[in-house]
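Colleague: Below you will find the structure I want to go over with you.
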Amino acid sequence: MKLSTKGRYGIKAMVDIAAEYGKGRISVNQLAEKQGVSVAYLEQIIAALKKAGLVEAARGASGGYTLTRPPEDIYVGEVLRALEGSTAILHCVGVDSTAECNNACRCSARPLWIKLQQKIDEVLNTTTIKEMADDYSAISGKE
């Protein structure tokens, strides 16, 4: 699995929004400035996160974005699936795969790919956005 910039910036945006959870909303301009990315690009990413029901927006002077659920209830895997689609490293090991591999029964490397996919899924589906925000705060000295 190779993450696109959309996935990378989306995760960073979710962590930045989580850092403000319970304190207020954060604007797309603030997020873009923190990440060094254009507002237009970040708006596309936020739109996908909104569509997935992970963030909500409010307009006006105190507007901006916030999470729809507490950050400890949002897992990295669901964020990446909202932005990237499948998180499978190869189509033949993906749970939501519709592609068939004619060589799957004879593939000597497939057991390795399955183990690797299971470990990736385990990390993505057990790591919360809150954990990421806490880890970031700890290493950046922003506690």
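Letters for chains follow the order of the structure tokens (A, B, ...), residue numbers begin at 1 for each chain, and ligand numbers begin at 1 in the order shown.
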With DSSP run on the backbone, what are the alpha helix (DSSP H) residues within range 34-129 of chain A? I'd like them as a PyMOL selection string.

Modeller: chain A and resi 34-35+39-51+76-84+110-126+129

Colleague: With DSSP run on the backbone, what are the strand (DSSP E or B) residues within range 66-134 of chain A? I'd like them as an NGL selection string.

Modeller: :A and (66-67 or 75 or 128)

Colleague: As number ranges by chain, please: the residues near Ile114 in chain A (cut-off 9 Å, only C-alpha atoms, same-chain neighbours under 5 positions excluded).

Modeller: A: 92-94, 109, 119

Colleague: What is the distance, in Å and to one decimal place, between CA of Ala18 in chain A and CA of Ser86 in chain A?

Modeller: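 Here the two named atoms are 23.6 Å from each other.
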
Colleague: Write out as JSON lines the residues of range 117-143 of chain A that have any atom within 12 Å of an atom of range 20-29 of chain A, one row each with the nearest atom pair and its distance in Å to one decimal, counting only C-alpha atoms, sorted by chain and then rising number.

Modeller:
```
{"residue": "A:Ile129", "atom": "CA", "partner": "A:Tyr21", "partner_atom": "CA", "distance": 11.0}
{"residue": "A:Lys130", "atom": "CA", "partner": "A:Tyr21", "partner_atom": "CA", "distance": 9.6}
{"residue": "A:Ala133", "atom": "CA", "partner": "A:Glu20", "partner_atom": "CA", "distance": 9.9}
{"residue": "A:Asp134", "atom": "CA", "partner": "A:Glu20", "partner_atom": "CA", "distance": 11.8}
{"residue": "A:Ser137", "atom": "CA", "partner": "A:Glu20", "partner_atom": "CA", "distance": 11.9}
```

Colleague: In terms of the shortest atom-to-atom distance over only C-alpha atoms, which of A:Arg69, A:Arg8, A:Gln30, A:Ala40 is closest to Gly53 in chain A?

Modeller: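 Under the stated criterion, the closest residue is A:Arg69.
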
Colleague: Could you jot down the CA of Leu124 in chain A to CA of Glu78 in chain A separation for me, Å, one decimal place?

Modeller: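 Between CA of Leu124 in chain A and CA of Glu78 in chain A the gap works out to 8.0 Å.
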
Colleague: Could you give me, as a list of chain:residue names, the residues within 9 Å of Thr127 in chain A, counting only C-alpha atoms and dropping anything in the same chain fewer than 6 positions from it?

Modeller: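 Residues meeting the cut-off are A:Glu72, A:Ile74, A:Tyr75, A:Val76, A:Gly77.
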
Colleague: With distances taken over only C-alpha atoms, which of A:Asp121, A:Leu31, A:Gly36, A:Val15 is nearest to Arg81 in chain A?

Modeller: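 With only C-alpha atoms as the atom set, the closest residue is A:Asp121.
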
Colleague: Work out how far CA of Lys51 in chain A is from CA of Ser4 in chain A, in Å to one decimal.

Modeller: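 Separation between CA of Ser4 in chain A and CA of Lys51 in chain A: 18.7 Å.
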
Colleague: Name the closest residue to Thr126 in chain A among the candidates A:Ala82, A:Thr87, A:Asp73, A:Trp113; distances are taken between atoms, counting only C-alpha atoms.

Modeller: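 Under the stated criterion, the closest residue is A:Asp73.
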
Colleague: List the spatial neighbours of Val37 in chain A as number ranges by chain - criterion: any atom at most 12 Å away, only C-alpha atoms, same-chain residues fewer than 4 positions off excluded.

Modeller: A: 5-6, 8-10, 12-13, 28-33, 41-45

Colleague: Take the residues just selected and output them with N, CA and C atoms as a CSV table (one decimal), in the first residue's frame.

Modeller:
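In the end it all went to selection_8.csv:
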```csv
chain,number,residue,atom,x,y,z
A,5,THR,N,-0.8,11.6,-1.3
A,5,THR,CA,-0.7,12.8,-0.5
A,5,THR,C,-2.1,13.1,0.2
A,6,LYS,N,-3.1,12.7,-0.5
A,6,LYS,CA,-4.5,12.8,0.0
A,6,LYS,C,-4.6,12.1,1.3
A,8,ARG,N,-2.1,11.1,3.4
A,8,ARG,CA,-1.2,11.6,4.3
A,8,ARG,C,-1.7,13.0,4.9
A,9,TYR,N,-2.1,13.9,4.0
A,9,TYR,CA,-2.7,15.1,4.5
A,9,TYR,C,-4.0,15.0,5.3
A,10,GLY,N,-4.8,14.0,4.9
A,10,GLY,CA,-6.0,13.7,5.5
A,10,GLY,C,-5.8,13.2,7.0
A,12,LYS,N,-3.2,13.9,8.8
A,12,LYS,CA,-2.6,15.0,9.5
A,12,LYS,C,-3.7,16.0,9.9
A,13,ALA,N,-4.7,16.2,8.9
A,13,ALA,CA,-5.8,17.1,9.2
A,13,ALA,C,-6.7,16.6,10.4
A,28,VAL,N,-10.3,25.8,7.9
A,28,VAL,CA,-9.5,25.2,6.8
A,28,VAL,C,-8.2,26.0,6.6
A,29,ASN,N,-8.3,27.3,6.8
A,29,ASN,CA,-7.1,28.2,6.6
A,29,ASN,C,-6.0,27.8,7.7
A,30,GLN,N,-6.5,27.6,8.9
A,30,GLN,CA,-5.5,27.2,10.0
A,30,GLN,C,-4.9,25.9,9.7
A,31,LEU,N,-5.7,24.9,9.2
A,31,LEU,CA,-5.2,23.6,8.9
A,31,LEU,C,-4.2,23.7,7.8
A,32,ALA,N,-4.5,24.4,6.7
A,32,ALA,CA,-3.6,24.6,5.6
A,32,ALA,C,-2.3,25.2,6.0
A,33,GLU,N,-2.4,26.2,6.8
A,33,GLU,CA,-1.2,26.8,7.3
A,33,GLU,C,-0.3,25.9,8.1
A,41,TYR,N,-6.7,22.4,-2.0
A,41,TYR,CA,-6.4,21.0,-1.9
A,41,TYR,C,-7.0,20.4,-0.6
A,42,LEU,N,-6.8,21.1,0.5
A,42,LEU,CA,-7.3,20.6,1.8
A,42,LEU,C,-8.8,20.6,1.8
A,43,GLU,N,-9.4,21.5,1.1
A,43,GLU,CA,-10.9,21.5,1.1
A,43,GLU,C,-11.4,20.3,0.4
A,44,GLN,N,-10.7,19.8,-0.6
A,44,GLN,CA,-11.1,18.5,-1.3
A,44,GLN,C,-11.0,17.3,-0.3
A,45,ILE,N,-9.9,17.3,0.5
A,45,ILE,CA,-9.7,16.3,1.4
A,45,ILE,C,-10.8,16.3,2.5
```
